[in-house]
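S.K.: my_file12.cif (mmCIF, C-alpha atoms) pasted underneath:
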data_coords
#
loop_
_atom_site.label_atom_id
_atom_site.label_comp_id
_atom_site.auth_asym_id
_atom_site.auth_seq_id
_atom_site.Cartn_x
_atom_site.Cartn_y
_atom_site.Cartn_z
CA MET A 1324 -6.16 33.19 -0.32
CA ALA A 1325 -3.08 31.54 1.19
CA TRP A 1326 -2.00 28.10 0.04
CA PRO A 1327 -3.87 25.67 2.33
CA VAL A 1328 -1.81 24.03 5.03
CA ARG A 1329 -3.67 20.74 4.49
CA TYR A 1330 -2.18 20.62 0.99
CA ASN A 1331 1.30 20.79 2.48
CA MET A 1332 0.39 17.98 4.85
CA ILE A 1333 -0.80 15.88 1.92
CA GLY A 1334 2.43 16.73 0.07
CA LEU A 1335 4.54 15.52 2.98
CA LEU A 1336 2.48 12.33 3.22
CA PHE A 1337 2.93 11.83 -0.52
CA CYS A 1338 6.71 12.11 -0.06
CA SER A 1339 6.46 9.62 2.80
CA THR A 1340 4.89 6.95 0.61
CA VAL A 1341 7.44 7.63 -2.14
CA ILE A 1342 10.28 6.88 0.29
CA ASN A 1343 8.31 4.04 1.88
CA TYR A 1344 7.95 2.21 -1.42
CA ILE A 1345 11.49 2.87 -2.58
CA ASP A 1346 12.53 0.94 0.54
CA ARG A 1347 10.05 -1.83 -0.23
CA VAL A 1348 10.85 -2.56 -3.86
CA ASN A 1349 14.57 -1.83 -3.99
CA ILE A 1350 15.29 -5.43 -3.04
CA SER A 1351 13.08 -6.80 -5.83
CA VAL A 1352 14.93 -4.78 -8.46
CA ALA A 1353 18.29 -5.81 -7.05
CA ALA A 1354 17.14 -9.43 -6.54
CA PRO A 1355 18.82 -10.96 -9.64
CA VAL A 1356 22.22 -9.55 -8.59
CA ILE A 1357 21.76 -10.41 -4.90
CA MET A 1358 20.81 -14.01 -5.76
CA GLN A 1359 23.78 -14.33 -8.07
CA GLU A 1360 26.26 -13.02 -5.47
CA THR A 1361 24.81 -14.83 -2.45
CA GLY A 1362 23.82 -18.11 -4.11
CA LEU A 1363 20.19 -17.90 -2.97
CA ASP A 1364 17.61 -19.54 -5.24
CA LYS A 1365 14.11 -18.29 -6.12
CA GLY A 1366 12.44 -20.34 -3.42
CA GLN A 1367 14.70 -18.86 -0.75
CA PHE A 1368 14.28 -15.34 -2.10
CA GLY A 1369 10.53 -15.80 -2.07
CA LEU A 1370 10.94 -16.29 1.69
CA VAL A 1371 12.94 -13.05 1.86
CA PHE A 1372 10.09 -11.20 0.13
CA SER A 1373 7.56 -12.77 2.47
CA ALA A 1374 9.63 -12.01 5.60
CA PHE A 1375 9.00 -8.34 4.90
CA LEU A 1376 5.26 -8.99 4.65
CA ILE A 1377 5.18 -10.96 7.91
CA GLY A 1378 6.73 -7.98 9.67
CA TYR A 1379 4.46 -5.64 7.72
CA ALA A 1380 1.38 -7.42 9.08
CA LEU A 1381 2.61 -7.26 12.67
CA LEU A 1382 1.87 -3.70 13.80
CA GLN A 1383 -0.86 -2.51 11.45
CA ILE A 1384 -3.65 -2.60 14.03
CA PRO A 1385 -1.59 -1.32 17.01
CA GLY A 1386 -0.19 1.46 14.82
CA GLY A 1387 -3.69 2.52 13.76
CA MET A 1388 -4.99 2.35 17.34
CA ILE A 1389 -2.16 4.50 18.68
CA ALA A 1390 -2.59 7.04 15.88
CA ASP A 1391 -6.36 7.19 16.44
CA ARG A 1392 -5.93 7.79 20.16
CA TRP A 1393 -2.85 10.02 20.38
CA GLY A 1394 -2.24 11.22 16.82
CA GLY A 1395 -0.10 10.01 13.95
CA ARG A 1396 2.71 12.60 13.89
CA LYS A 1397 5.14 10.85 16.24
CA VAL A 1398 4.01 7.41 15.09
CA LEU A 1399 5.08 8.21 11.53
CA ALA A 1400 8.40 9.75 12.61
CA LEU A 1401 9.28 6.71 14.74
CA ALA A 1402 8.30 4.35 11.94
CA PHE A 1403 10.53 6.14 9.44
CA CYS A 1404 13.53 6.12 11.74
CA GLY A 1405 13.02 2.41 12.42
CA PHE A 1406 12.65 1.14 8.88
CA SER A 1407 15.41 3.43 7.63
CA LEU A 1408 17.80 1.97 10.23
CA PHE A 1409 17.08 -1.62 9.22
CA THR A 1410 17.19 -0.73 5.54
CA ALA A 1411 20.74 0.50 6.13
CA LEU A 1412 21.54 -2.79 7.92
CA THR A 1413 20.08 -5.01 5.17
CA PRO A 1414 23.47 -5.65 3.47
CA LEU A 1415 24.48 -7.58 6.60
CA GLY A 1416 22.20 -10.25 5.15
CA GLN A 1417 24.85 -11.32 2.66
CA SER A 1418 26.44 -13.22 5.54
CA SER A 1419 23.47 -15.60 5.90
CA LEU A 1420 19.87 -16.13 4.84
CA ALA A 1421 18.72 -15.88 8.48
CA VAL A 1422 20.19 -12.38 8.87
CA LEU A 1423 18.64 -11.23 5.60
CA LEU A 1424 15.26 -12.58 6.69
CA ALA A 1425 15.56 -10.77 10.03
CA MET A 1426 16.46 -7.43 8.42
CA ARG A 1427 13.57 -7.58 5.98
CA PHE A 1428 11.19 -8.61 8.76
CA LEU A 1429 12.19 -5.57 10.82
CA VAL A 1430 11.89 -3.21 7.83
CA GLY A 1431 8.37 -4.54 7.33
CA ALA A 1432 7.48 -4.25 11.02
CA PHE A 1433 8.33 -0.55 11.17
CA GLU A 1434 6.71 0.19 7.82
CA SER A 1435 3.51 -1.52 8.94
CA VAL A 1436 2.31 1.43 11.01
CA THR A 1437 2.75 4.05 8.30
CA ILE A 1438 -0.42 3.67 6.20
CA PRO A 1439 -2.84 3.28 9.16
CA ALA A 1440 -1.26 6.36 10.79
CA LEU A 1441 -1.52 8.25 7.48
CA THR A 1442 -5.21 7.32 7.22
CA SER A 1443 -5.86 8.46 10.78
CA LEU A 1444 -4.13 11.80 10.11
CA ASN A 1445 -6.14 12.42 6.95
CA SER A 1446 -9.38 11.66 8.80
CA ARG A 1447 -8.56 14.59 11.11
CA TRP A 1448 -7.25 16.96 8.44
CA ILE A 1449 -9.33 16.38 5.30
CA PRO A 1450 -13.00 17.26 4.68
CA ARG A 1451 -15.11 14.28 3.58
CA PRO A 1452 -15.78 15.59 0.02
CA GLU A 1453 -11.99 15.73 -0.54
CA PHE A 1454 -11.05 12.58 1.34
CA ALA A 1455 -10.63 10.11 -1.54
CA ARG A 1456 -8.51 12.54 -3.53
CA ALA A 1457 -6.38 13.42 -0.50
CA GLN A 1458 -5.98 9.80 0.52
CA THR A 1459 -5.10 8.58 -2.96
CA LEU A 1460 -2.72 11.49 -3.56
CA SER A 1461 -1.04 10.71 -0.24
CA LEU A 1462 -0.77 7.07 -1.28
CA SER A 1463 0.12 7.71 -4.92
CA GLY A 1464 3.71 7.83 -3.75
CA ILE A 1465 3.33 4.04 -3.83
CA THR A 1466 3.71 4.12 -7.59
CA VAL A 1467 6.03 7.13 -7.75
CA GLY A 1468 8.34 5.38 -5.29
CA GLN A 1469 8.45 2.38 -7.57
CA MET A 1470 9.02 4.61 -10.61
CA VAL A 1471 12.02 6.09 -8.81
CA ALA A 1472 13.21 2.79 -7.35
CA TYR A 1473 13.44 0.89 -10.64
CA PRO A 1474 15.91 3.12 -12.53
CA LEU A 1475 17.65 4.41 -9.37
CA THR A 1476 18.26 0.92 -7.97
CA ALA A 1477 19.36 -0.42 -11.35
CA TRP A 1478 21.76 2.53 -11.79
CA ILE A 1479 23.27 2.18 -8.30
CA VAL A 1480 23.70 -1.59 -8.70
CA LEU A 1481 25.32 -1.23 -12.12
CA HIS A 1482 27.64 1.64 -11.12
CA PHE A 1483 28.38 0.84 -7.48
CA SER A 1484 27.02 -2.23 -5.67
CA TRP A 1485 23.76 -3.61 -4.35
CA PRO A 1486 24.59 -2.74 -0.69
CA MET A 1487 24.89 0.92 -1.71
CA VAL A 1488 21.20 0.83 -2.70
CA PHE A 1489 20.17 0.28 0.91
CA TYR A 1490 22.58 2.81 2.40
CA SER A 1491 21.36 5.62 0.13
CA ASN A 1492 17.68 4.78 0.56
CA ALA A 1493 18.01 4.85 4.36
CA ILE A 1494 19.24 8.45 4.28
CA LEU A 1495 16.01 9.56 2.56
CA GLY A 1496 13.92 8.18 5.42
CA PHE A 1497 15.88 9.97 8.13
CA VAL A 1498 15.70 13.29 6.26
CA TRP A 1499 11.92 12.98 5.81
CA ALA A 1500 11.39 12.22 9.52
CA ALA A 1501 13.26 15.39 10.51
CA ILE A 1502 11.21 17.59 8.14
CA TRP A 1503 7.96 15.95 9.26
CA LEU A 1504 8.60 16.57 12.96
CA TRP A 1505 9.43 20.21 12.21
CA TYR A 1506 6.27 20.98 10.19
CA ALA A 1507 3.40 18.56 10.93
CA THR A 1508 0.79 18.51 13.68
CA ASP A 1509 -1.87 15.95 14.55
CA THR A 1510 -4.83 18.26 13.97
CA PRO A 1511 -5.62 21.57 12.22
CA GLU A 1512 -6.40 23.16 15.60
CA THR A 1513 -2.78 22.83 16.74
CA HIS A 1514 -1.00 23.92 13.55
CA PRO A 1515 0.65 27.36 13.97
CA ARG A 1516 0.54 28.29 10.27
CA ILE A 1517 -3.09 27.51 9.42
CA SER A 1518 -5.55 30.34 8.82
CA GLN A 1519 -8.80 30.68 10.74
CA GLU A 1520 -10.72 30.37 7.47
CA GLU A 1521 -9.12 27.05 6.57
CA ARG A 1522 -9.49 25.73 10.11
CA ARG A 1523 -13.22 26.51 10.08
CA TYR A 1524 -13.66 24.96 6.63
CA ILE A 1525 -11.96 21.73 7.69
CA THR A 1526 -13.76 21.30 11.00
CA SER A 1527 -17.18 22.04 9.51
CA ASN A 1528 -16.75 19.52 6.68
CA LEU A 1529 -15.11 16.59 8.40
CA ALA A 1530 -17.00 13.31 8.25
CA PRO A 1531 -19.60 13.30 11.05
CA LYS A 1532 -18.41 11.40 14.08
CA PRO A 1533 -20.72 9.59 16.52
CA GLN A 1534 -21.03 11.41 19.83
CA ALA A 1535 -20.77 8.22 21.86
CA PRO A 1536 -17.33 6.56 21.95
CA LEU A 1537 -17.11 3.36 19.94
CA PRO A 1538 -15.55 0.32 21.64
CA LEU A 1539 -12.77 -1.19 19.59
CA ARG A 1540 -14.41 -4.62 19.79
CA ALA A 1541 -17.05 -3.30 17.40
CA VAL A 1542 -14.40 -3.14 14.69
CA PHE A 1543 -13.43 -6.78 15.20
CA THR A 1544 -17.02 -8.01 15.18
CA SER A 1545 -18.29 -6.22 12.05
CA PRO A 1546 -19.29 -8.80 9.40
CA SER A 1547 -19.20 -6.22 6.59
CA LEU A 1548 -15.68 -5.15 7.51
CA PHE A 1549 -14.40 -8.71 7.56
CA ILE A 1550 -16.01 -9.50 4.21
CA LEU A 1551 -14.36 -6.41 2.73
CA SER A 1552 -11.07 -7.45 4.34
CA LEU A 1553 -11.36 -10.82 2.60
CA SER A 1554 -11.51 -8.97 -0.70
CA TYR A 1555 -8.45 -6.95 0.25
CA MET A 1556 -6.63 -10.17 1.12
CA CYS A 1557 -7.16 -11.29 -2.47
CA PHE A 1558 -6.16 -7.85 -3.76
CA ALA A 1559 -2.94 -7.94 -1.72
CA TYR A 1560 -2.09 -11.45 -2.94
CA VAL A 1561 -2.17 -10.25 -6.54
CA GLY A 1562 -0.51 -6.89 -5.83
CA TRP A 1563 2.44 -8.21 -3.82
CA MET A 1564 3.08 -11.06 -6.24
CA PHE A 1565 3.23 -8.54 -9.08
CA LEU A 1566 5.27 -6.01 -7.10
CA PHE A 1567 8.01 -8.40 -6.02
CA TRP A 1568 8.33 -10.71 -9.05
CA PHE A 1569 7.64 -8.30 -11.92
CA PRO A 1570 11.32 -7.26 -12.41
CA ASP A 1571 12.62 -10.83 -12.30
CA TYR A 1572 9.89 -11.94 -14.72
CA LEU A 1573 10.97 -9.39 -17.31
CA VAL A 1574 14.65 -10.34 -16.88
CA GLU A 1575 14.28 -14.13 -16.87
CA GLY A 1576 10.90 -14.75 -18.42
CA ARG A 1577 11.19 -12.19 -21.22
CA GLY A 1578 14.96 -11.90 -21.60
CA LEU A 1579 15.22 -8.16 -20.95
CA SER A 1580 18.27 -6.51 -19.39
CA LEU A 1581 18.21 -4.96 -15.92
CA ALA A 1582 18.71 -1.50 -17.44
CA VAL A 1583 15.70 -1.95 -19.74
CA VAL A 1584 13.61 -3.26 -16.85
CA GLY A 1585 14.43 -0.08 -14.94
CA SER A 1586 12.96 1.99 -17.77
CA ILE A 1587 9.90 -0.24 -18.10
CA GLY A 1588 9.33 0.02 -14.37
CA ILE A 1589 8.88 3.78 -14.76
CA LEU A 1590 6.16 3.23 -17.37
CA VAL A 1591 4.31 0.51 -15.48
CA HIS A 1592 4.26 2.34 -12.18
CA GLY A 1593 3.50 5.61 -13.94
CA ALA A 1594 0.36 3.88 -15.17
CA GLY A 1595 -0.34 2.87 -11.57
CA PHE A 1596 0.09 6.50 -10.48
CA VAL A 1597 -2.53 7.60 -13.02
CA GLY A 1598 -4.79 4.77 -11.88
CA ILE A 1599 -4.60 5.70 -8.20
CA LEU A 1600 -5.24 9.42 -8.74
CA SER A 1601 -8.03 8.89 -11.28
CA GLY A 1602 -9.62 6.30 -9.00
CA GLY A 1603 -9.68 8.78 -6.11
CA ALA A 1604 -11.05 11.61 -8.27
CA ILE A 1605 -13.81 9.42 -9.76
CA SER A 1606 -14.73 7.99 -6.35
CA ASP A 1607 -15.13 11.49 -4.85
CA TRP A 1608 -17.09 12.64 -7.92
CA LEU A 1609 -19.47 9.70 -7.59
CA LEU A 1610 -20.04 10.52 -3.92
CA ARG A 1611 -20.61 14.24 -4.62
CA THR A 1612 -23.08 13.56 -7.43
CA GLY A 1613 -25.34 11.38 -5.32
CA TRP A 1614 -24.00 7.85 -5.70
CA SER A 1615 -23.96 5.85 -2.51
CA SER A 1616 -20.74 5.16 -0.60
CA GLN A 1617 -21.51 1.52 -1.41
CA PHE A 1618 -20.99 2.18 -5.11
CA ALA A 1619 -18.44 5.01 -4.92
CA ARG A 1620 -16.09 3.19 -2.54
CA ALA A 1621 -16.67 -0.57 -3.08
CA ARG A 1622 -18.34 -1.43 -6.37
CA PHE A 1623 -16.34 1.11 -8.34
CA SER A 1624 -13.18 -0.60 -7.06
CA GLY A 1625 -14.61 -3.97 -8.05
CA ILE A 1626 -15.06 -2.70 -11.60
CA GLY A 1627 -11.41 -1.65 -11.71
CA VAL A 1628 -10.16 -5.04 -10.50
CA ALA A 1629 -12.45 -6.98 -12.85
CA LEU A 1630 -11.38 -4.99 -15.89
CA SER A 1631 -7.68 -5.41 -15.06
CA LEU A 1632 -7.57 -9.21 -14.86
CA PRO A 1633 -7.74 -10.12 -18.58
CA PHE A 1634 -4.71 -7.92 -19.17
CA LEU A 1635 -2.73 -9.62 -16.37
CA LEU A 1636 -3.48 -13.08 -17.72
CA GLY A 1637 -2.86 -12.05 -21.31
CA ALA A 1638 0.57 -10.66 -20.41
CA ALA A 1639 1.77 -14.14 -19.44
CA PHE A 1640 0.69 -15.76 -22.70
CA VAL A 1641 1.43 -13.27 -25.50
CA PRO A 1642 4.61 -14.23 -27.40
CA SER A 1643 5.90 -10.68 -27.81
CA ALA A 1644 7.80 -9.02 -24.96
CA GLU A 1645 6.63 -5.62 -26.20
CA MET A 1646 2.96 -6.64 -26.12
CA CYS A 1647 3.50 -8.18 -22.68
CA VAL A 1648 4.70 -4.81 -21.38
CA VAL A 1649 1.72 -3.00 -22.93
CA LEU A 1650 -0.71 -5.40 -21.28
CA LEU A 1651 1.01 -5.00 -17.92
CA LEU A 1652 0.72 -1.22 -18.26
CA VAL A 1653 -3.04 -1.45 -18.76
CA PHE A 1654 -3.38 -4.04 -16.00
CA TYR A 1655 -1.65 -1.92 -13.40
CA LEU A 1656 -3.54 1.26 -14.33
CA LEU A 1657 -6.91 -0.44 -13.83
CA PHE A 1658 -5.83 -2.52 -10.84
CA ALA A 1659 -4.40 0.51 -9.00
CA SER A 1660 -7.68 2.44 -9.39
CA ALA A 1661 -9.22 0.07 -6.82
CA ILE A 1662 -6.92 1.44 -4.11
CA ALA A 1663 -9.24 4.45 -3.85
CA GLY A 1664 -12.00 2.30 -2.41
CA TYR A 1665 -9.91 0.25 -0.01
CA THR A 1666 -8.12 3.25 1.48
CA THR A 1667 -11.19 5.50 1.92
CA VAL A 1668 -13.79 3.00 3.09
CA ALA A 1669 -12.50 3.18 6.69
CA LEU A 1670 -13.99 6.67 6.91
CA GLU A 1671 -17.38 5.30 5.86
CA PHE A 1672 -17.29 2.59 8.53
CA ASN A 1673 -16.43 5.01 11.36
CA PRO A 1674 -14.29 8.20 11.30
CA HIS A 1675 -13.34 7.86 14.99
CA LEU A 1676 -11.39 4.67 14.29
CA ALA A 1677 -10.27 5.20 10.69
CA GLY A 1678 -6.67 4.23 11.47
CA SER A 1679 -7.67 1.12 13.41
CA ILE A 1680 -10.14 0.02 10.73
CA PHE A 1681 -7.66 0.41 7.92
CA GLY A 1682 -5.05 -1.25 10.12
CA LEU A 1683 -7.31 -4.29 10.38
CA ILE A 1684 -7.97 -4.34 6.62
CA ASN A 1685 -4.28 -3.97 5.84
CA THR A 1686 -3.23 -6.56 8.43
CA LEU A 1687 -5.39 -9.25 6.89
CA GLY A 1688 -4.30 -8.14 3.43
CA SER A 1689 -0.66 -8.36 4.43
CA PHE A 1690 -1.05 -11.89 5.79
CA ALA A 1691 -2.60 -12.96 2.51
CA GLY A 1692 0.02 -11.00 0.62
CA ILE A 1693 2.70 -13.14 2.24
CA PHE A 1694 1.55 -16.05 0.11
CA GLY A 1695 1.73 -14.11 -3.17
CA PRO A 1696 5.51 -13.82 -3.51
CA MET A 1697 6.11 -17.01 -1.50
CA THR A 1698 3.92 -19.31 -3.61
CA ALA A 1699 5.13 -17.70 -6.82
CA GLY A 1700 8.72 -18.35 -5.73
CA PHE A 1701 8.03 -22.03 -5.02
CA MET A 1702 6.15 -22.46 -8.30
CA LEU A 1703 9.08 -20.99 -10.19
CA ALA A 1704 11.65 -23.00 -8.22
CA GLN A 1705 9.85 -26.23 -9.19
CA GLY A 1706 9.73 -25.71 -12.93
CA GLY A 1707 10.33 -22.09 -13.92
CA ASN A 1708 6.87 -21.85 -15.53
CA TRP A 1709 5.92 -18.18 -15.30
CA THR A 1710 2.37 -18.69 -16.61
CA LEU A 1711 1.34 -20.63 -13.50
CA PRO A 1712 1.70 -17.81 -10.91
CA PHE A 1713 0.01 -15.39 -13.34
CA SER A 1714 -2.93 -17.79 -13.75
CA VAL A 1715 -3.29 -18.32 -10.00
CA ALA A 1716 -3.16 -14.56 -9.37
CA THR A 1717 -5.90 -14.00 -11.96
CA ALA A 1718 -8.16 -16.55 -10.26
CA VAL A 1719 -7.59 -14.87 -6.89
CA GLY A 1720 -8.41 -11.52 -8.52
CA VAL A 1721 -11.78 -12.86 -9.67
CA VAL A 1722 -12.66 -13.62 -6.04
CA CYS A 1723 -11.51 -10.11 -5.05
CA ALA A 1724 -13.76 -8.38 -7.60
CA THR A 1725 -16.75 -10.57 -6.81
CA ILE A 1726 -16.65 -9.70 -3.12
CA LEU A 1727 -16.48 -5.97 -3.89
CA PHE A 1728 -19.67 -6.25 -5.93
CA VAL A 1729 -21.65 -7.97 -3.16
CA VAL A 1730 -20.25 -6.55 0.12
CA ARG A 1731 -22.45 -4.07 2.03
CA ILE A 1732 -20.76 -1.03 3.56
CA ARG A 1733 -22.53 -0.67 6.92
CA PRO A 1734 -21.36 2.08 9.33
CA ILE A 1735 -20.02 0.66 12.58
CA THR A 1736 -21.91 2.35 15.40
CA VAL A 1737 -22.43 1.84 19.10
CA HIS A 1738 -25.91 0.48 18.39
CA ALA A 1739 -24.46 -2.05 15.93
CA ALA A 1740 -21.84 -3.07 18.48
CA ILE A 1741 -24.51 -3.67 21.14
CA SER A 1742 -26.60 -5.67 18.68
CA THR A 1743 -23.63 -7.81 17.71
CA SER A 1744 -22.72 -8.47 21.34
CA ALA A 1745 -26.31 -9.40 22.16
CA ALA A 1746 -26.48 -11.79 19.23
CA ALA A 1747 -23.22 -13.43 20.30
CA SER A 1748 -24.51 -13.98 23.83
#
Any chance you could give the structure as structure tokens?
M.R.:
Amino acid sequence: MAWPVRYNMIGLLFCSTVINYIDRVNISVAAPVIMQETGLDKGQFGLVFSAFLIGYALLQIPGGMIADRWGGRKVLALAFCGFSLFTALTPLGQSSLAVLLAMRFLVGAFESVTIPALTSLNSRWIPRPEFARAQTLSLSGITVGQMVAYPLTAWIVLHFSWPMVFYSNAILGFVWAAIWLWYATDTPETHPRISQEERRYITSNLAPKPQAPLPLRAVFTSPSLFILSLSYMCFAYVGWMFLFWFPDYLVEGRGLSLAVVGSIGILVHGAGFVGILSGGAISDWLLRTGWSSQFARARFSGIGVALSLPFLLGAAFVPSAEMCVVLLLVFYLLFASAIAGYTTVALEFNPHLAGSIFGLINTLGSFAGIFGPMTAGFMLAQGGNWTLPFSVATAVGVVCATILFVVRIRPITVHAAISTSAAAS
């Protein structure tokens, strides 16, 4: 049997998230050098981190809506060309804080459409029994991108300059966009290389879609979806705070060199890679063996978050730098396993609008995520006490896990939309 075309699609989407996250975290790894050369303090650089997230929240829902209606192929290509361009222009920010904020905002704005469009594409290409594994493998580039970004960024900064980081990363995005436009299609039916056998298998095993079209207002009026989004807001707060400040914490809070931090970054995000893939595999296994989507997609993720939090808090208080790194490894492995639930639950709400639904979840998460790096930066600027942002993040994580245990995953249907509208009137 020929190698399935859907596997190649997943492979290209995996590469997309690798490049996507290299462009996101490169600035956090280079942050100590950029702050030293530009004179920016931690409070100001917290704003730089958050400027990306403000832009990242901007087009999540429109990007998902467009991908749901017309397909995600061109949406992804346009997004990659856009954020690659503004990544290349980021070094212009050394002239002023305002320019740097604008560049990071625009990088975030173009990156915002990528994950909703990816989710929409997978909903059309991947059978439901494989969806969590396909989605998490597509998104596991999140951690691989960070594994690559840490040593690569550190090496480029140490051997060349921090602007060279952004020039080289931008090239990767343009190359991927060209390959993607050459190979990908929006659906299996339109792909010239797919076999009839694979096409039949995919179409007969896709998640069942309601025959009646679902009005988009139903997405915005679903109580269950908004409760789940509240959990993801807490998840994003913790995740973005960790993602952006982790390198600086190890350099300043634990006294490690930038070169050592680059190596540790590989280990930490390698643990996240294992967490994401294992989370997707376990979630699909739970669904196949008879567990409800409620447990397989939501409560399983809550278990992962809850188990991770003691390790996050402990990392801030242990005296040994080595033990701190070990605890962070375990934290990120468990924490990342929850991504399986958040990124697959859109299919359980309604396959027709998977991109729009995840766009809504990710939009609200991104707005909350803005406050993670921003508040951590202001806390550190006031007194340099690293235990405070870790403690606040742990408390937010408790709220995240609690919601995942109690939220009900209710499919969004036309009947539910009519009932909600009637109740509102």
S.K.: Do you know which residues are at most 12 Å from range 1607-1617 of chain A counting all atoms listed in the file, after dropping those on the same chain fewer than 5 positions away, and could you put them as a JSON list (two decimals) with C-alpha atoms, in the coordinates of the input?
M.R.:
[["chain", "number", "residue", "atom", "x", "y", "z"],
["A", 1450, "PRO", "CA", -13.00, 17.26, 4.68],
["A", 1451, "ARG", "CA", -15.11, 14.28, 3.58],
["A", 1452, "PRO", "CA", -15.78, 15.59, 0.02],
["A", 1453, "GLU", "CA", -11.99, 15.73, -0.54],
["A", 1454, "PHE", "CA", -11.05, 12.58, 1.34],
["A", 1455, "ALA", "CA", -10.63, 10.11, -1.54],
["A", 1456, "ARG", "CA", -8.51, 12.54, -3.53],
["A", 1457, "ALA", "CA", -6.38, 13.42, -0.50],
["A", 1458, "GLN", "CA", -5.98, 9.80, 0.52],
["A", 1459, "THR", "CA", -5.10, 8.58, -2.96],
["A", 1547, "SER", "CA", -19.20, -6.22, 6.59],
["A", 1551, "LEU", "CA", -14.36, -6.41, 2.73],
["A", 1600, "LEU", "CA", -5.24, 9.42, -8.74],
["A", 1601, "SER", "CA", -8.03, 8.89, -11.28],
["A", 1602, "GLY", "CA", -9.62, 6.30, -9.00],
["A", 1622, "ARG", "CA", -18.34, -1.43, -6.37],
["A", 1623, "PHE", "CA", -16.34, 1.11, -8.34],
["A", 1624, "SER", "CA", -13.18, -0.60, -7.06],
["A", 1625, "GLY", "CA", -14.61, -3.97, -8.05],
["A", 1663, "ALA", "CA", -9.24, 4.45, -3.85],
["A", 1664, "GLY", "CA", -12.00, 2.30, -2.41],
["A", 1665, "TYR", "CA", -9.91, 0.25, -0.01],
["A", 1667, "THR", "CA", -11.19, 5.50, 1.92],
["A", 1668, "VAL", "CA", -13.79, 3.00, 3.09],
["A", 1669, "ALA", "CA", -12.50, 3.18, 6.69],
["A", 1670, "LEU", "CA", -13.99, 6.67, 6.91],
["A", 1671, "GLU", "CA", -17.38, 5.30, 5.86],
["A", 1672, "PHE", "CA", -17.29, 2.59, 8.53],
["A", 1727, "LEU", "CA", -16.48, -5.97, -3.89],
["A", 1728, "PHE", "CA", -19.67, -6.25, -5.93],
["A", 1729, "VAL", "CA", -21.65, -7.97, -3.16],
["A", 1730, "VAL", "CA", -20.25, -6.55, 0.12],
["A", 1731, "ARG", "CA", -22.45, -4.07, 2.03],
["A", 1732, "ILE", "CA", -20.76, -1.03, 3.56],
["A", 1733, "ARG", "CA", -22.53, -0.67, 6.92],
["A", 1734, "PRO", "CA", -21.36, 2.08, 9.33]]
S.K.: In Å, how far is it from CA of Trp1485 in chain A to CA of Phe1701 in chain A?
M.R.: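 CA of Phe1701 in chain A lies 24.2 Å from CA of Trp1485 in chain A.
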S.K.: Using the chain letters and numbering of this document, enumerate as a PyMOL selection string the residues selected by the PyMOL selection byres ((chain A and resi 1521) around 12).
M.R.: chain A and resi 1324-1330+1448-1450+1511-1512+1514+1516-1520+1522-1528
S.K.: Give the answer as one residue: which of A:Phe1596, A:Phe1713, A:Trp1393, A:Tyr1379 has the shortest atom-to-atom distance to Phe1569 in chain A, using only C-alpha atoms?
M.R.: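 Checking each candidate against Phe1569 in chain A, we get A:Phe1713 as the closest.
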S.K.: Taking (13.4, -1.9, 11.1) as a centre in this file's frame and 6 Å as the limit, can you find every polymer residue with an atom that close, using only C-alpha atoms, and give them as a list of chain:residue names?
M.R.: A:Gly1405, A:Phe1406, A:Leu1408, A:Phe1409, A:Leu1429, A:Val1430, A:Phe1433
S.K.: I'd like to know which of A:Asp1346, A:Asp1571, A:Asp1509, A:Asp1391 is closest to Gly1464 in chain A, using only C-alpha atoms.
M.R.: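 Residue with the minimum atom-to-atom distance to Gly1464 in chain A: A:Asp1346.
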S.K.: Determine, counting only C-alpha atoms, every residue of protein, DNA or RNA that lies within 7 Å of (4.9, 6.7, 15.2) in the file coordinates, then give the result as a list in words.
M.R.: Gly1395, Arg1396, Lys1397, Val1398, Leu1399, Ala1400, Leu1401 and Ala1402 of chain A
S.K.: Just how far from CA of Thr1410 in chain A is CA of Met1426 in chain A, in Å to one decimal?
M.R.: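 That distance, rounded to one decimal, is 7.3 Å.
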S.K.: Determine, counting all atoms listed in the file, which protein, DNA and RNA residues have an atom within 8 Å of an atom of Ala1390 in chain A; residues of the same chain fewer than 4 positions away are not included. Present the result as a list of chain:residue names.
M.R.: A:Gly1386, A:Gly1394, A:Gly1395, A:Arg1396, A:Val1398, A:Pro1439, A:Ala1440, A:Ser1443, A:Leu1444, A:Gly1678
S.K.: Name the residues captured by the PyMOL selection byres ((chain A and resi 1581) around 10) when it is applied to the shown file; answer as a PyMOL selection string.
M.R.: chain A and resi 1352-1353+1355-1356+1473-1474+1476-1478+1480-1481+1570-1571+1573-1574+1578-1580+1582-1587
S.K.: If we count all atoms listed in the file, what is near Leu1652 in chain A at a cut-off of 8 Å, once residues fewer than 6 positions away on the same chain are taken out, given as a list in words?
M.R.: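 Listed by chain and then number, they are Leu1590, Val1591, His1592, Ala1594 and Gly1595 of chain A.
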S.K.: Quick one: of A:Met1556, A:Leu1630, A:Ala1724, A:Ala1699, who's nearest to Ala1380 in chain A, counting only C-alpha atoms?
M.R.: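 Once distances to Ala1380 in chain A are computed over only C-alpha atoms, the minimum belongs to A:Met1556.
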S.K.: Evaluate the PyMOL selection byres ((chain A and resi 1490) around 9) against this structure - the residues, as a PyMOL selection string, please.
M.R.: chain A and resi 1407+1410-1414+1486-1489+1491-1494
S.K.: Applying 6 Å and only C-alpha atoms, which residues near Phe1654 in chain A remain after dropping the ones on its own chain fewer than 5 positions away? List them as a compact mmCIF listing (two decimals) with C-alpha atoms, in the frame of the given file.
M.R.:
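Wrote it out as out-v2.txt, contents follow:
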# COMPACT_ATOMS: atom_id res chain seq x y z
CA SER A 1631 -7.68 -5.41 -15.06
CA PHE A 1634 -4.71 -7.92 -19.17
CA LEU A 1635 -2.73 -9.62 -16.37
